[in-house]
file data_7.pdb (PDB, C-alpha atoms and all ligand atoms)
ATOM      1  CA  MET G   1      28.922  -6.570 -44.968  1.00  0.00           C
ATOM      2  CA  PRO G   2      29.734 -10.227 -44.338  1.00  0.00           C
ATOM      3  CA  ALA G   3      27.192 -12.269 -42.418  1.00  0.00           C
ATOM      4  CA  PRO G   4      29.353 -13.091 -39.304  1.00  0.00           C
ATOM      5  CA  THR G   5      29.617  -9.368 -38.411  1.00  0.00           C
ATOM      6  CA  ARG G   6      25.877  -8.978 -38.593  1.00  0.00           C
ATOM      7  CA  ARG G   7      25.448 -12.052 -36.387  1.00  0.00           C
ATOM      8  CA  ARG G   8      27.909 -10.616 -33.851  1.00  0.00           C
ATOM      9  CA  THR G   9      25.951  -7.353 -33.826  1.00  0.00           C
ATOM     10  CA  ALA G  10      22.811  -9.301 -33.076  1.00  0.00           C
ATOM     11  CA  LYS G  11      24.567 -11.068 -30.178  1.00  0.00           C
ATOM     12  CA  VAL G  12      25.775  -7.759 -28.739  1.00  0.00           C
ATOM     13  CA  LEU G  13      22.268  -6.339 -29.016  1.00  0.00           C
ATOM     14  CA  ALA G  14      20.807  -9.341 -27.212  1.00  0.00           C
ATOM     15  CA  ALA G  15      23.433  -9.066 -24.471  1.00  0.00           C
ATOM     16  CA  SER G  16      22.800  -5.368 -23.900  1.00  0.00           C
ATOM     17  CA  ALA G  17      19.050  -6.001 -23.854  1.00  0.00           C
ATOM     18  CA  ALA G  18      19.582  -8.611 -21.151  1.00  0.00           C
ATOM     19  CA  ALA G  19      21.799  -6.176 -19.221  1.00  0.00           C
ATOM     20  CA  ALA G  20      19.161  -3.455 -19.494  1.00  0.00           C
ATOM     21  CA  LEU G  21      16.560  -5.871 -18.157  1.00  0.00           C
ATOM     22  CA  LEU G  22      18.789  -6.696 -15.166  1.00  0.00           C
ATOM     23  CA  VAL G  23      19.273  -2.990 -14.429  1.00  0.00           C
ATOM     24  CA  ALA G  24      15.516  -2.458 -14.629  1.00  0.00           C
ATOM     25  CA  LEU G  25      14.870  -5.297 -12.179  1.00  0.00           C
ATOM     26  CA  ALA G  26      17.720  -4.391  -9.810  1.00  0.00           C
ATOM     27  CA  PRO G  27      16.028  -1.585  -7.784  1.00  0.00           C
ATOM     28  CA  ALA G  28      13.545  -4.138  -6.429  1.00  0.00           C
ATOM     29  CA  ALA G  29      16.271  -5.763  -4.323  1.00  0.00           C
ATOM     30  CA  PRO G  30      17.447  -2.864  -2.064  1.00  0.00           C
ATOM     31  CA  ALA G  31      13.813  -2.147  -1.109  1.00  0.00           C
ATOM     32  CA  ALA G  32      14.202  -4.630   1.740  1.00  0.00           C
ATOM     33  CA  ALA G  33      16.967  -2.412   3.172  1.00  0.00           C
ATOM     34  CA  HIS G  34      14.631   0.537   3.840  1.00  0.00           C
ATOM     35  CA  ASN G  35      14.290   1.797   7.352  1.00  0.00           C
ATOM     36  CA  GLN G  36      11.646   0.161   9.498  1.00  0.00           C
ATOM     37  CA  LEU G  37      10.234   0.265  12.985  1.00  0.00           C
ATOM     38  CA  LEU G  38      11.875  -2.432  15.100  1.00  0.00           C
ATOM     39  CA  SER G  39      10.183  -1.910  18.437  1.00  0.00           C
ATOM     40  CA  ALA G  40       8.139   0.566  20.402  1.00  0.00           C
ATOM     41  CA  VAL G  41       7.128   1.435  23.957  1.00  0.00           C
ATOM     42  CA  PRO G  42       4.222   0.996  24.408  1.00  0.00           C
ATOM     43  CA  ALA G  43       4.594  -1.962  22.064  1.00  0.00           C
ATOM     44  CA  LYS G  44       2.349  -2.691  19.113  1.00  0.00           C
ATOM     45  CA  ASN G  45      -0.999  -4.112  20.299  1.00  0.00           C
ATOM     46  CA  ALA G  46       0.149  -3.904  23.922  1.00  0.00           C
ATOM     47  CA  THR G  47      -2.195  -3.238  26.813  1.00  0.00           C
ATOM     48  CA  VAL G  48      -0.539  -1.093  29.441  1.00  0.00           C
ATOM     49  CA  THR G  49      -1.890  -0.639  32.956  1.00  0.00           C
ATOM     50  CA  LYS G  50      -0.374   2.833  33.297  1.00  0.00           C
ATOM     51  CA  ALA G  51      -0.835   5.670  30.805  1.00  0.00           C
ATOM     52  CA  PRO G  52       2.535   6.273  29.084  1.00  0.00           C
ATOM     53  CA  LYS G  53       4.319   9.586  29.606  1.00  0.00           C
ATOM     54  CA  ALA G  54       6.296   9.097  26.403  1.00  0.00           C
ATOM     55  CA  ILE G  55       6.335   7.019  23.238  1.00  0.00           C
ATOM     56  CA  ASP G  56       9.607   5.424  22.157  1.00  0.00           C
ATOM     57  CA  LEU G  57      10.100   4.250  18.599  1.00  0.00           C
ATOM     58  CA  VAL G  58      13.225   2.246  17.760  1.00  0.00           C
ATOM     59  CA  PHE G  59      14.104   2.057  14.082  1.00  0.00           C
ATOM     60  CA  LEU G  60      16.537  -0.016  12.052  1.00  0.00           C
ATOM     61  CA  GLU G  61      18.303   3.117  10.821  1.00  0.00           C
ATOM     62  CA  GLU G  62      18.759   6.513  12.422  1.00  0.00           C
ATOM     63  CA  PRO G  63      15.817   8.769  11.519  1.00  0.00           C
ATOM     64  CA  ASP G  64      16.365  12.417  10.646  1.00  0.00           C
ATOM     65  CA  ALA G  65      15.075  14.396  13.656  1.00  0.00           C
ATOM     66  CA  GLY G  66      13.923  17.238  11.427  1.00  0.00           C
ATOM     67  CA  PHE G  67      11.684  14.938   9.404  1.00  0.00           C
ATOM     68  CA  THR G  68      10.235  12.794  12.164  1.00  0.00           C
ATOM     69  CA  THR G  69       6.511  13.077  12.769  1.00  0.00           C
ATOM     70  CA  VAL G  70       4.575  11.174  15.420  1.00  0.00           C
ATOM     71  CA  LEU G  71       0.842  11.492  15.975  1.00  0.00           C
ATOM     72  CA  LEU G  72      -1.230   9.949  18.731  1.00  0.00           C
ATOM     73  CA  THR G  73      -4.980   9.670  18.276  1.00  0.00           C
ATOM     74  CA  ASP G  74      -7.599   8.223  20.580  1.00  0.00           C
ATOM     75  CA  ALA G  75     -10.577   6.010  19.691  1.00  0.00           C
ATOM     76  CA  ALA G  76     -12.628   9.129  18.836  1.00  0.00           C
ATOM     77  CA  GLN G  77      -9.968  10.154  16.264  1.00  0.00           C
ATOM     78  CA  GLN G  78      -8.940  13.055  18.510  1.00  0.00           C
ATOM     79  CA  GLN G  79      -5.259  13.946  18.472  1.00  0.00           C
ATOM     80  CA  THR G  80      -3.491  13.830  21.804  1.00  0.00           C
ATOM     81  CA  PRO G  81      -0.919  16.569  22.432  1.00  0.00           C
ATOM     82  CA  LEU G  82       2.678  15.368  22.152  1.00  0.00           C
ATOM     83  CA  GLY G  83       6.015  17.051  22.674  1.00  0.00           C
ATOM     84  CA  PRO G  84       8.443  17.549  19.783  1.00  0.00           C
ATOM     85  CA  PRO G  85      10.231  14.353  18.729  1.00  0.00           C
ATOM     86  CA  THR G  86      13.798  13.871  19.914  1.00  0.00           C
ATOM     87  CA  VAL G  87      16.121  11.423  18.183  1.00  0.00           C
ATOM     88  CA  ARG G  88      18.956   9.595  19.929  1.00  0.00           C
ATOM     89  CA  GLY G  89      20.663   7.115  17.662  1.00  0.00           C
ATOM     90  CA  THR G  90      17.969   4.962  16.156  1.00  0.00           C
ATOM     91  CA  LYS G  91      15.432   5.849  18.868  1.00  0.00           C
ATOM     92  CA  ALA G  92      12.843   8.588  18.454  1.00  0.00           C
ATOM     93  CA  THR G  93      10.968   9.721  21.553  1.00  0.00           C
ATOM     94  CA  VAL G  94       7.953  11.955  21.970  1.00  0.00           C
ATOM     95  CA  ALA G  95       6.601  13.064  25.330  1.00  0.00           C
ATOM     96  CA  VAL G  96       2.888  12.597  25.968  1.00  0.00           C
ATOM     97  CA  THR G  97       2.012  15.968  27.458  1.00  0.00           C
ATOM     98  CA  GLY G  98      -1.540  15.166  28.530  1.00  0.00           C
ATOM     99  CA  GLN G  99      -2.963  12.424  30.729  1.00  0.00           C
ATOM    100  CA  LEU G 100      -4.284   9.552  28.624  1.00  0.00           C
ATOM    101  CA  ALA G 101      -7.650   8.152  29.644  1.00  0.00           C
ATOM    102  CA  ASN G 102      -8.254   4.432  29.374  1.00  0.00           C
ATOM    103  CA  GLY G 103      -8.919   3.335  25.815  1.00  0.00           C
ATOM    104  CA  VAL G 104      -7.359   2.408  22.499  1.00  0.00           C
ATOM    105  CA  TYR G 105      -4.765   4.715  20.972  1.00  0.00           C
ATOM    106  CA  GLN G 106      -3.139   4.776  17.562  1.00  0.00           C
ATOM    107  CA  VAL G 107       0.453   5.850  17.036  1.00  0.00           C
ATOM    108  CA  ALA G 108       1.193   7.029  13.494  1.00  0.00           C
ATOM    109  CA  TYR G 109       4.772   7.792  12.530  1.00  0.00           C
ATOM    110  CA  ARG G 110       6.619   9.066   9.489  1.00  0.00           C
ATOM    111  CA  VAL G 111      10.401   9.255   9.369  1.00  0.00           C
ATOM    112  CA  VAL G 112      12.986  10.057   6.750  1.00  0.00           C
ATOM    113  CA  SER G 113      16.160   8.040   7.084  1.00  0.00           C
ATOM    114  CA  ILE G 114      19.751   8.434   5.986  1.00  0.00           C
ATOM    115  CA  ASP G 115      18.915   6.826   2.623  1.00  0.00           C
ATOM    116  CA  GLY G 116      16.386   9.634   2.032  1.00  0.00           C
ATOM    117  CA  HIS G 117      13.361   7.362   1.847  1.00  0.00           C
ATOM    118  CA  PRO G 118      10.276   8.250   3.871  1.00  0.00           C
ATOM    119  CA  VAL G 119       8.877   5.366   5.887  1.00  0.00           C
ATOM    120  CA  GLN G 120       5.548   5.514   7.633  1.00  0.00           C
ATOM    121  CA  GLY G 121       3.329   3.231   9.614  1.00  0.00           C
ATOM    122  CA  SER G 122       1.008   2.988  12.555  1.00  0.00           C
ATOM    123  CA  PHE G 123       0.111   0.689  15.396  1.00  0.00           C
ATOM    124  CA  ARG G 124      -2.246   0.589  18.341  1.00  0.00           C
ATOM    125  CA  PHE G 125      -1.953   0.130  22.035  1.00  0.00           C
ATOM    126  CA  THR G 126      -4.502   0.120  24.831  1.00  0.00           C
ATOM    127  CA  VAL G 127      -4.401   1.941  28.132  1.00  0.00           C
ATOM    128  CA  ALA G 128      -6.230  -0.027  30.810  1.00  0.00           C
ATOM    129  CA  ASP G 129      -5.363   1.543  34.143  1.00  0.00           C
ATOM    130  CA  PRO G 130      -7.467  -0.109  36.848  1.00  0.00           C
ATOM    131  CA  ALA G 131      -7.182   3.046  38.968  1.00  0.00           C
ATOM    132  CA  ALA G 132      -8.366   5.365  36.182  1.00  0.00           C
ATOM    133  CA  PRO G 133     -11.974   6.485  35.787  1.00  0.00           C
ATOM    134  CA  PRO G 134     -13.882   4.499  33.144  1.00  0.00           C
ATOM    135  CA  PRO G 135     -13.337   5.798  29.597  1.00  0.00           C
ATOM    136  CA  VAL G 136     -15.953   7.927  27.908  1.00  0.00           C
ATOM    137  CA  ALA G 137     -17.979   5.513  25.784  1.00  0.00           C
ATOM    138  CA  VAL G 138     -17.274   5.957  22.094  1.00  0.00           C
ATOM    139  CA  THR G 139     -20.256   4.766  20.095  1.00  0.00           C
ATOM    140  CA  PRO G 140     -19.651   4.946  16.345  1.00  0.00           C
ATOM    141  CA  SER G 141     -22.536   6.505  14.471  1.00  0.00           C
ATOM    142  CA  PRO G 142     -24.755   3.635  13.210  1.00  0.00           C
ATOM    143  CA  ALA G 143     -25.154   5.421   9.865  1.00  0.00           C
ATOM    144  CA  ALA G 144     -21.422   5.402   9.168  1.00  0.00           C
ATOM    145  CA  PRO G 145     -20.926   1.725   8.097  1.00  0.00           C
ATOM    146  CA  THR G 146     -23.984   1.836   5.810  1.00  0.00           C
ATOM    147  CA  ALA G 147     -22.729   5.031   4.167  1.00  0.00           C
ATOM    148  CA  ASP G 148     -19.289   3.472   3.688  1.00  0.00           C
ATOM    149  CA  ALA G 149     -20.778   0.335   2.121  1.00  0.00           C
ATOM    150  CA  GLY G 150     -22.900   2.462  -0.242  1.00  0.00           C
ATOM    151  CA  LEU G 151     -19.858   4.504  -1.239  1.00  0.00           C
ATOM    152  CA  ALA G 152     -17.815   1.358  -1.859  1.00  0.00           C
ATOM    153  CA  ALA G 153     -20.554  -0.146  -4.044  1.00  0.00           C
ATOM    154  CA  SER G 154     -20.989   3.000  -6.139  1.00  0.00           C
ATOM    155  CA  ALA G 155     -17.225   3.605  -6.336  1.00  0.00           C
ATOM    156  CA  SER G 156     -16.553   0.139  -7.755  1.00  0.00           C
ATOM    157  CA  GLY G 157     -19.101   0.775 -10.501  1.00  0.00           C
ATOM    158  CA  TRP G 158     -19.875  -2.952 -10.690  1.00  0.00           C
ATOM    159  CA  PRO G 159     -23.234  -3.727  -9.144  1.00  0.00           C
ATOM    160  CA  THR G 160     -23.577  -7.212  -7.669  1.00  0.00           C
ATOM    161  CA  TRP G 161     -26.022  -8.378 -10.350  1.00  0.00           C
ATOM    162  CA  SER G 162     -23.522  -7.669 -13.147  1.00  0.00           C
ATOM    163  CA  LEU G 163     -20.839  -9.700 -11.358  1.00  0.00           C
ATOM    164  CA  VAL G 164     -23.272 -12.616 -10.931  1.00  0.00           C
ATOM    165  CA  GLY G 165     -24.321 -12.303 -14.576  1.00  0.00           C
ATOM    166  CA  GLY G 166     -20.692 -12.144 -15.700  1.00  0.00           C
ATOM    167  CA  GLY G 167     -19.845 -15.211 -13.627  1.00  0.00           C
ATOM    168  CA  ALA G 168     -22.759 -17.148 -15.152  1.00  0.00           C
ATOM    169  CA  ALA G 169     -21.696 -16.161 -18.687  1.00  0.00           C
ATOM    170  CA  VAL G 170     -18.126 -17.342 -18.057  1.00  0.00           C
ATOM    171  CA  THR G 171     -19.407 -20.616 -16.594  1.00  0.00           C
ATOM    172  CA  ALA G 172     -21.678 -21.146 -19.613  1.00  0.00           C
ATOM    173  CA  LEU G 173     -18.746 -20.480 -21.938  1.00  0.00           C
ATOM    174  CA  ILE G 174     -16.518 -23.000 -20.127  1.00  0.00           C
ATOM    175  CA  VAL G 175     -19.247 -25.674 -20.030  1.00  0.00           C
ATOM    176  CA  GLY G 176     -20.006 -25.046 -23.715  1.00  0.00           C
ATOM    177  CA  THR G 177     -16.346 -25.343 -24.707  1.00  0.00           C
ATOM    178  CA  LEU G 178     -15.959 -28.567 -22.701  1.00  0.00           C
ATOM    179  CA  PHE G 179     -19.088 -29.979 -24.341  1.00  0.00           C
ATOM    180  CA  LEU G 180     -17.822 -29.157 -27.854  1.00  0.00           C
ATOM    181  CA  THR G 181     -14.345 -30.555 -27.080  1.00  0.00           C
ATOM    182  CA  ARG G 182     -15.837 -33.794 -25.753  1.00  0.00           C
ATOM    183  CA  ARG G 183     -18.046 -34.216 -28.821  1.00  0.00           C
ATOM    184  CA  ARG G 184     -15.184 -33.519 -31.194  1.00  0.00           C
ATOM    185  CA  SER G 185     -12.782 -35.938 -29.472  1.00  0.00           C
ATOM    186  CA  GLY G 186     -15.579 -38.523 -29.219  1.00  0.00           C
ATOM    187  CA  ARG G 187     -15.880 -38.832 -33.005  1.00  0.00           C
TER     188      ARG G 187
HETATM  189 CU    CU G 201      15.238   3.156   1.578  1.00  0.00          CU
END

call {"tool": "encode", "arguments": {"input": "data_7.pdb", "output": "C-alpha cells", "more": "lines below"}}
Ligand SMILES: [Cu+2]
result
Amino acid sequence: MPAPTRRRTAKVLAASAAAALLVALAPAAPAAAHNQLLSAVPAKNATVTKAPKAIDLVFLEEPDAGFTTVLLTDAAQQQTPLGPPTVRGTKATVAVTGQLANGVYQVAYRVVSIDGHPVQGSFRFTVADPAAPPPVAVTPSPAAPTADAGLAASASGWPTWSLVGGGAAVTALIVGTLFLTRRRSGR
C-alpha cells in the first residue's frame, strides 16, 4: 500500500476520534434544559402570617401528575398530611389538610417531566401567625451533633493528626526541593 493512503486513513481515524469526543461531551449541554421549580406559594424562605391551606409549585415544564410527590415536614421532622397533588399546566398544587402550627416547615418535591427526567428539591418556609398559639418548643437532642461529628470523623477514616502530619511532610518536601534548587542554581 502506498504511503498517501495510509496517511489518509490516519486522518480519517483522527477525525472520527474527534467526532466521538464531541458526541461524548454533548449530553452535558441539554442538562440545563431539565425541568425546575420556578416559584412556589408559600415562597422559598418566606415567612407567612397565615398558615397556608395549599402549596403551589410552578415548574418550568409540565410535571406528570402521576409522578408528582410533595411532602411537608415540620421542624420535628413530622410529616404533615397533604391532599393528593393536582397538576394544571406547569402548576402542581397540594392541599394542606391539617392546621399548621407556627414554625418552620420543609417542602420536598419530586416530579417527572415530559422529558422523562426526575427532578427533586426542597425549600423551607415559616409560619408566624400572630394569632396562633406559640409553637411547641423543639429542642434538638444535645447528643445528636456530637454523635454526628463522631460518625463523620470515623467515616472519613483520616484522623486529624494524620492530616496534620501529611501537611507537614508535604511542606518539608517543598521547602527541601526549593533549597536544593536554590543551591544548584547558585553554583
Ligand atoms: Cu431533563

call {"tool": "resolve_selection", "arguments": {"input": "data_7.pdb", "expression": "the PyMOL selection byres (((chain G and resi 90) around 8) and not hetatm)", "output": "PDB file with C-alpha atoms, in the frame of the given file"}}
result
ATOM      1  CA  VAL G  58      13.225   2.246  17.760  1.00  0.00           C
ATOM      2  CA  PHE G  59      14.104   2.057  14.082  1.00  0.00           C
ATOM      3  CA  LEU G  60      16.537  -0.016  12.052  1.00  0.00           C
ATOM      4  CA  GLU G  61      18.303   3.117  10.821  1.00  0.00           C
ATOM      5  CA  GLU G  62      18.759   6.513  12.422  1.00  0.00           C
ATOM      6  CA  PRO G  63      15.817   8.769  11.519  1.00  0.00           C
ATOM      7  CA  VAL G  87      16.121  11.423  18.183  1.00  0.00           C
ATOM      8  CA  ARG G  88      18.956   9.595  19.929  1.00  0.00           C
ATOM      9  CA  GLY G  89      20.663   7.115  17.662  1.00  0.00           C
ATOM     10  CA  LYS G  91      15.432   5.849  18.868  1.00  0.00           C
ATOM     11  CA  ALA G  92      12.843   8.588  18.454  1.00  0.00           C
TER      12      ALA G  92
END

call {"tool": "resolve_selection", "arguments": {"input": "data_7.pdb", "expression": "the PyMOL selection byres (((chain G and resi 97) around 12) and not hetatm)", "output": "ChimeraX atom specification"}}
result
/G:51-55,72,79-84,94-96,98-100

call {"tool": "residues_near_ligand", "arguments": {"input": "data_7.pdb", "ligand": "ligand CU 201 (chain G)", "cutoff": "10 Å", "atoms": "only C-alpha atoms and all ligand atoms", "output": "number ranges by chain"}}
result
G: 30-36, 61, 112-119

call {"tool": "closest_residue", "arguments": {"input": "data_7.pdb", "among": "G:Ala108, G:Val48, G:Leu57, G:Ala132", "to": "G:Thr69", "atoms": "all atoms listed in the file"}}
result
G:Ala108

call {"tool": "closest_residue", "arguments": {"input": "data_7.pdb", "among": "G:Pro42, G:Thr47, G:Ala128, G:Pro85", "to": "G:Arg110", "atoms": "all atoms listed in the file"}}
result
G:Pro85

call {"tool": "atom_distance", "arguments": {"input": "data_7.pdb", "atom1": "atom CA of G:Ala75", "atom2": "atom CA of G:Thr126"}}
result
9.9 Å

call {"tool": "atom_distance", "arguments": {"input": "data_7.pdb", "atom1": "atom CA of G:Gln120", "atom2": "atom CA of G:Asn45"}}
result
17.2 Å

call {"tool": "atom_distance", "arguments": {"input": "data_7.pdb", "atom1": "atom CA of G:Pro130", "atom2": "atom CA of G:Val41"}}
result
19.5 Å

call {"tool": "closest_residue", "arguments": {"input": "data_7.pdb", "among": "G:Leu37, G:Phe123, G:Asp56, G:Asp129", "to": "G:Asp74", "atoms": "only C-alpha atoms"}}
result
G:Phe123

call {"tool": "residues_near_point", "arguments": {"input": "data_7.pdb", "point": "(-9.4, 0.0, 22.6)", "cutoff": "8 Å", "atoms": "only C-alpha atoms", "output": "mmCIF file with C-alpha atoms, in the coordinates of the input"}}
result
data_model
loop_
_atom_site.group_PDB
_atom_site.id
_atom_site.type_symbol
_atom_site.label_atom_id
_atom_site.label_comp_id
_atom_site.auth_asym_id
_atom_site.auth_seq_id
_atom_site.Cartn_x
_atom_site.Cartn_y
_atom_site.Cartn_z
ATOM 1 C CA ALA G 75 -10.577 6.010 19.691
ATOM 2 C CA GLY G 103 -8.919 3.335 25.815
ATOM 3 C CA VAL G 104 -7.359 2.408 22.499
ATOM 4 C CA TYR G 105 -4.765 4.715 20.972
ATOM 5 C CA PHE G 125 -1.953 0.130 22.035
ATOM 6 C CA THR G 126 -4.502 0.120 24.831
ATOM 7 C CA VAL G 127 -4.401 1.941 28.132
#

call {"tool": "closest_residue", "arguments": {"input": "data_7.pdb", "among": "G:Thr73, G:Gln78, G:Thr93, G:Gln106", "to": "G:Ala46", "atoms": "all atoms listed in the file"}}
result
G:Gln106

call {"tool": "decode", "arguments": {"input": "data_7.pdb", "residues": "stretch 105-115 of chain G", "atoms": "all heavy atoms", "output": "PDB file, in the first residue's frame"}}
result
ATOM      1  N   TYR G 105     -41.273  24.950  58.246  1.00  0.00           N
ATOM      2  CA  TYR G 105     -41.703  23.767  57.500  1.00  0.00           C
ATOM      3  C   TYR G 105     -40.805  23.570  56.288  1.00  0.00           C
ATOM      4  O   TYR G 105     -40.285  24.538  55.721  1.00  0.00           O
ATOM      5  CB  TYR G 105     -43.158  23.919  57.043  1.00  0.00           C
ATOM      6  CG  TYR G 105     -44.119  23.881  58.202  1.00  0.00           C
ATOM      7  CD1 TYR G 105     -44.416  25.043  58.910  1.00  0.00           C
ATOM      8  CD2 TYR G 105     -44.698  22.684  58.610  1.00  0.00           C
ATOM      9  CE1 TYR G 105     -45.262  25.011  60.001  1.00  0.00           C
ATOM     10  CE2 TYR G 105     -45.542  22.651  59.692  1.00  0.00           C
ATOM     11  CZ  TYR G 105     -45.826  23.814  60.390  1.00  0.00           C
ATOM     12  OH  TYR G 105     -46.663  23.760  61.470  1.00  0.00           O
ATOM     13  N   GLN G 106     -40.637  22.303  55.920  1.00  0.00           N
ATOM     14  CA  GLN G 106     -39.867  21.997  54.712  1.00  0.00           C
ATOM     15  C   GLN G 106     -40.767  21.333  53.682  1.00  0.00           C
ATOM     16  O   GLN G 106     -41.480  20.382  53.994  1.00  0.00           O
ATOM     17  CB  GLN G 106     -38.695  21.085  55.027  1.00  0.00           C
ATOM     18  CG  GLN G 106     -37.929  20.698  53.752  1.00  0.00           C
ATOM     19  CD  GLN G 106     -36.606  20.034  54.049  1.00  0.00           C
ATOM     20  OE1 GLN G 106     -35.594  20.674  54.239  1.00  0.00           O
ATOM     21  NE2 GLN G 106     -36.638  18.713  54.084  1.00  0.00           N
ATOM     22  N   VAL G 107     -40.733  21.870  52.478  1.00  0.00           N
ATOM     23  CA  VAL G 107     -41.462  21.284  51.353  1.00  0.00           C
ATOM     24  C   VAL G 107     -40.442  20.504  50.521  1.00  0.00           C
ATOM     25  O   VAL G 107     -39.431  21.065  50.101  1.00  0.00           O
ATOM     26  CB  VAL G 107     -42.107  22.372  50.463  1.00  0.00           C
ATOM     27  CG1 VAL G 107     -42.833  21.741  49.279  1.00  0.00           C
ATOM     28  CG2 VAL G 107     -43.050  23.246  51.280  1.00  0.00           C
ATOM     29  N   ALA G 108     -40.686  19.227  50.330  1.00  0.00           N
ATOM     30  CA  ALA G 108     -39.825  18.417  49.461  1.00  0.00           C
ATOM     31  C   ALA G 108     -40.674  17.953  48.292  1.00  0.00           C
ATOM     32  O   ALA G 108     -41.808  17.509  48.481  1.00  0.00           O
ATOM     33  CB  ALA G 108     -39.261  17.225  50.226  1.00  0.00           C
ATOM     34  N   TYR G 109     -40.142  18.092  47.089  1.00  0.00           N
ATOM     35  CA  TYR G 109     -40.918  17.707  45.909  1.00  0.00           C
ATOM     36  C   TYR G 109     -40.080  16.835  44.991  1.00  0.00           C
ATOM     37  O   TYR G 109     -38.858  16.911  44.982  1.00  0.00           O
ATOM     38  CB  TYR G 109     -41.417  18.940  45.148  1.00  0.00           C
ATOM     39  CG  TYR G 109     -40.290  19.840  44.683  1.00  0.00           C
ATOM     40  CD1 TYR G 109     -39.662  19.620  43.461  1.00  0.00           C
ATOM     41  CD2 TYR G 109     -39.843  20.877  45.484  1.00  0.00           C
ATOM     42  CE1 TYR G 109     -38.609  20.423  43.044  1.00  0.00           C
ATOM     43  CE2 TYR G 109     -38.790  21.682  45.074  1.00  0.00           C
ATOM     44  CZ  TYR G 109     -38.183  21.451  43.855  1.00  0.00           C
ATOM     45  OH  TYR G 109     -37.137  22.241  43.455  1.00  0.00           O
ATOM     46  N   ARG G 110     -40.774  15.990  44.244  1.00  0.00           N
ATOM     47  CA  ARG G 110     -40.124  15.186  43.208  1.00  0.00           C
ATOM     48  C   ARG G 110     -41.118  15.079  42.068  1.00  0.00           C
ATOM     49  O   ARG G 110     -42.261  14.681  42.271  1.00  0.00           O
ATOM     50  CB  ARG G 110     -39.781  13.797  43.740  1.00  0.00           C
ATOM     51  CG  ARG G 110     -38.961  12.966  42.764  1.00  0.00           C
ATOM     52  CD  ARG G 110     -38.618  11.628  43.390  1.00  0.00           C
ATOM     53  NE  ARG G 110     -37.568  10.933  42.648  1.00  0.00           N
ATOM     54  CZ  ARG G 110     -37.792  10.191  41.576  1.00  0.00           C
ATOM     55  NH1 ARG G 110     -39.019  10.025  41.129  1.00  0.00           N
ATOM     56  NH2 ARG G 110     -36.780   9.598  40.957  1.00  0.00           N
ATOM     57  N   VAL G 111     -40.706  15.510  40.892  1.00  0.00           N
ATOM     58  CA  VAL G 111     -41.587  15.448  39.722  1.00  0.00           C
ATOM     59  C   VAL G 111     -40.864  14.775  38.569  1.00  0.00           C
ATOM     60  O   VAL G 111     -39.632  14.754  38.516  1.00  0.00           O
ATOM     61  CB  VAL G 111     -42.063  16.858  39.278  1.00  0.00           C
ATOM     62  CG1 VAL G 111     -42.885  17.532  40.353  1.00  0.00           C
ATOM     63  CG2 VAL G 111     -40.887  17.731  38.877  1.00  0.00           C
ATOM     64  N   VAL G 112     -41.658  14.187  37.697  1.00  0.00           N
ATOM     65  CA  VAL G 112     -41.114  13.645  36.450  1.00  0.00           C
ATOM     66  C   VAL G 112     -41.757  14.454  35.334  1.00  0.00           C
ATOM     67  O   VAL G 112     -42.970  14.644  35.318  1.00  0.00           O
ATOM     68  CB  VAL G 112     -41.418  12.141  36.299  1.00  0.00           C
ATOM     69  CG1 VAL G 112     -40.941  11.634  34.940  1.00  0.00           C
ATOM     70  CG2 VAL G 112     -40.757  11.354  37.421  1.00  0.00           C
ATOM     71  N   SER G 113     -40.929  14.976  34.444  1.00  0.00           N
ATOM     72  CA  SER G 113     -41.426  15.884  33.426  1.00  0.00           C
ATOM     73  C   SER G 113     -41.558  15.195  32.084  1.00  0.00           C
ATOM     74  O   SER G 113     -41.255  14.015  31.948  1.00  0.00           O
ATOM     75  CB  SER G 113     -40.486  17.076  33.326  1.00  0.00           C
ATOM     76  OG  SER G 113     -40.096  17.463  34.612  1.00  0.00           O
ATOM     77  N   ILE G 114     -41.980  15.963  31.091  1.00  0.00           N
ATOM     78  CA  ILE G 114     -42.218  15.402  29.765  1.00  0.00           C
ATOM     79  C   ILE G 114     -40.953  14.797  29.170  1.00  0.00           C
ATOM     80  O   ILE G 114     -41.026  13.887  28.365  1.00  0.00           O
ATOM     81  CB  ILE G 114     -42.815  16.456  28.788  1.00  0.00           C
ATOM     82  CG1 ILE G 114     -42.100  17.803  28.946  1.00  0.00           C
ATOM     83  CG2 ILE G 114     -44.303  16.604  29.010  1.00  0.00           C
ATOM     84  CD1 ILE G 114     -42.532  18.826  27.922  1.00  0.00           C
ATOM     85  N   ASP G 115     -39.770  15.286  29.576  1.00  0.00           N
ATOM     86  CA  ASP G 115     -38.532  14.705  29.045  1.00  0.00           C
ATOM     87  C   ASP G 115     -38.146  13.419  29.799  1.00  0.00           C
ATOM     88  O   ASP G 115     -37.124  12.807  29.485  1.00  0.00           O
ATOM     89  CB  ASP G 115     -37.386  15.729  29.042  1.00  0.00           C
ATOM     90  CG  ASP G 115     -36.898  16.092  30.437  1.00  0.00           C
ATOM     91  OD1 ASP G 115     -37.471  15.607  31.423  1.00  0.00           O
ATOM     92  OD2 ASP G 115     -35.936  16.867  30.535  1.00  0.00           O
TER      93      ASP G 115
END
